[in-house]
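Undergrad: One structure follows; several queries about it will come next.
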Amino acid sequence: MKDKNVRLKGQLKVYMYWPVIMTILLIAMNLWMYQINRKAGMLMSVFIIIYAVTVGGLYFYNRSLILADMIQFSTQYQGIQNTLLQELSIPYAILMEDGRILWKNKRFAEIFAERRHENYLHKLIPELGQRVIPHGDIDHVELEVQYQGRDYQAVLRKISVAGFSDMEDLVQIPEEKEYIITLYLNDITELNSYIKENEDQRLIAGLIYIDNYDEVMESVEEVRQSLLTALIDRKINQYIGDEDGIVKKLEKDKYFIVIRKESYRKFEADKFSLLEEVKQVSIGNARSASLSIGLGLNTTTYAQSYNYARMAIDLALARGGDQAVAKDNQGITYFGGKKEQTSKYTRVKARVKAEALREFITGKDQVIVMGHKIADADSLGACMGIYRAAKALGKRAHIVMNENTSSIRPLYDEILENASYEKDIFLTSEQALDHFNDNTMVVVVDTNKAQMTECPELLKRSKLIAVLDHHRQSSKGIENAVLSYIEPYSSSTCEMVAEVLQYIVEDIRVSSVEADCLYAGIMIDTRNFMNRTGVRTFEAAAFLRRCGADITRVRKMFRDDIESYRAKAEAVRMAEVYRHEYAIAECPSEIESPTVLAAQAANELLDINGIKASFVLTIYNGRIYMSARSIDEVNVQIIAEKLGGGGHINAAGAQFEHTDIDKAIRTLKATIDQMIEEGDI
């Protein structure tokens, strides 16, 4: 390259032009001096000529030397840059778009010294495969990876090298791919350890309740009651104290605890073995004690942790007790709850809830009752019971019913044909919304999930909602209910409503049609009083018999036609026995109300010797419905919850948002396998 083609630019160019500028200024001053004094001007002219010649000579003589020194400095500076990158303490590398390593500094090479011959990044760190390398519009990716027990924050950037192919004669890169990928790894092992340590030290508030304190104490001699209480206290204090937790007894059956997050993880790993340990406390007591535990996690304040713990313990009690519930800002986690909660003999709670319900109904002009979608006998019977309660208090009442299924058609038709009922006793969702006003109370029966009700929009509009249900409460319950009466140990919602009716109005008059509906709900849900029946179940049935329920008429109403019976028999015949204990079958969907027949088939499968739980799937309205049943050894409700459903401890269900039966069965089997391995069932 010729010297004349080399041009200066930037601040250096301005600096090199200063002699020329000074010469021009001196000439201007010389002209001014001539006007003042000619001799002085001539003397100054001589000085300027000498200055210009000297400066010009030096400029042209030194220009090439300056350029040479600058080029040498640039070369040395580039070498310094390379040395700095090589000696950089942070691992650094340059990659191609396919993850091939082009260059790496010493620190990067030291970390991966054992695999220094690998030329592709994904072979060193599998998490940094080609799918995470920036491409297209993505020019920056950050993620956390691990290598040999160390944690690294990997940062990949896409750096443009536009024009590279024009300057480089050896390599030709397509214009759209003229970029390289830079990678640096920031070691955050120590930072993560501090974060984990801080998280482990976070305190968690919790509550422990003895579910059946009174019943347990009544089952042991009075002189031994204090000893039994002391043994239970010791179990709780020892379990919490072993992990440096604090236990404070609030009442005879209530405890407040404080534990660390690290301790919670240990409790989580052993599935809160305290639940089983307390059951084993026995000094002659006929009934075992059971606990409910509520914990509040991942909160910014301890007050919020305590509020979460209160919400968790309420949910544990509403689900029947004998379980631990942990609530955080992400959701709710359940532990235990594998066995049926024993029914309480006292009806005090039913009376208290009935009085509260009476007060709420009295304050409104109209009551709208609704159950769950695809109504069954229990849902309809409970609706009719609440309808009678509202009428007995002199209020208008309606029942939301969108679909008249074959399972309730005999009762439904009998109600419509009875002249004592209004023509608009049953409303669709649209009609119910038209009837709704600010002076309306909404009562939900046989479900505690808003999305499962006949008209979820009513719940959004109403400010006064009551819920009566016998299914375990889910984390997606109806949150704005002013009255929530959920008893998982009840055989059916009809049993609960039958008890409530006896306290709503003194000597209430229930018609024979309404008694039939309530009796049918109990009969269907208990499989003719064979499942989940207790003393209160028979007391409710006796009350309904006194009100005019006809057992023979109800039985004749619920007989199957020949096609339904054949479909149910076919489902039982084709059932698969999985893991020698679980019956899985498909119910034909070409018949009316296949979901009802699926539930009946699931009940039939339980009569087979050795079957602990049954699952029957059927297609209905573009999705798969699953009915799950068990007797006492398996909690099908927690299985259904894993599949997005819920229900009762031995009668539950779930839905799949597709119609691929084989896929649904594979999902069910995988869930069963997982829960068996984890000890949940």
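A note on labels: chains of the structure tokens are A, B, ... as shown, every chain counts residues from 1, and ligands are counted from 1 in their shown order.
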DSSP on the backbone, then: every residue of stretch 118-291 of chain A marked helix (DSSP H, G or I), written as a count of residues only.
TA: 67
Undergrad: Once you count only C-alpha atoms, what closest atom pair and distance in Å to one decimal does each residue of stretch 497-556 of chain A within 12 Å of stretch 587-607 of chain A have, with rows by chain and rising residue number, as CSV?
TA:
residue,atom,partner,partner_atom,distance
A:Ile524,CA,A:Gln600,CA,9.5
A:Asp525,CA,A:Asn603,CA,10.3
A:Thr526,CA,A:Asn603,CA,10.3
A:Arg527,CA,A:Asn603,CA,8.0
A:Asn528,CA,A:Asn603,CA,11.5
A:Met530,CA,A:Asn603,CA,11.0
A:Asn531,CA,A:Asn603,CA,10.2
Undergrad: Which residues are close to A:Lys279, i.e. within 10 Å by only C-alpha atoms, leaving aside same-chain residues fewer than 6 positions away? Reply as an MDAnalysis selection string.
TA: chainID A and resid 232 287:291 322
Undergrad: Give me, as a VMD selection string, all polymer residues having an atom no more than 8 Å from A:Ile399, counting only C-alpha atoms and skipping those fewer than 4 positions away in the same chain.
TA: chain A and resid 368 to 370 383 to 384 387 425 to 427
Undergrad: Between A:Val577, A:Ser511, A:Lys395, A:Lys271, which is the closest to A:Arg546 once you count only C-alpha atoms?
TA: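 Looking only at the distances to A:Arg546, the closest residue turns out to be A:Ser511.
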Undergrad: List the neighbours of A:Val216 out to 12 Å using only C-alpha atoms; skip same-chain residues closer than 6 positions along the sequence, and give me the result as number ranges by chain.
TA: A: 210, 222, 224-226, 228-229, 232, 253, 278-279, 281-291, 342, 344
Undergrad: A:Asn298: which residues within 10 Å, counting only C-alpha atoms, same-chain residues fewer than 5 positions away excluded, as an MDAnalysis selection string?
TA: chainID A and resid 199 202:204 261 304:305 308 327:330
Undergrad: Could you give me, as an MDAnalysis selection string, the residues within 6 Å of A:Thr493, counting only C-alpha atoms and dropping anything in the same chain fewer than 4 positions from it?
TA: chainID A and resid 446 469:470
Undergrad: What is the distance, in Å and to one decimal place, between atom CA of A:Met626 and atom CA of A:Phe656?
TA: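 That distance, rounded to one decimal, is 8.1 Å.
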Undergrad: I'd like the interatomic distance between atom CA of A:Tyr179 and atom CA of A:Val155, to a tenth of an Å.
TA: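 Interatomic distance, atom CA of A:Tyr179 to atom CA of A:Val155: 16.1 Å.
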Undergrad: Do you have the atom CA of A:Tyr306-atom CA of A:Leu207 distance handy?
TA: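 Here the two named atoms are 8.5 Å from each other.
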Undergrad: Which residue out of A:Glu586, A:Glu197, A:Glu359, A:Glu414 has the minimum interatomic distance to A:Met557 when only C-alpha atoms are used?
TA: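 Answer, going by the shortest atom-to-atom distance: A:Glu414.
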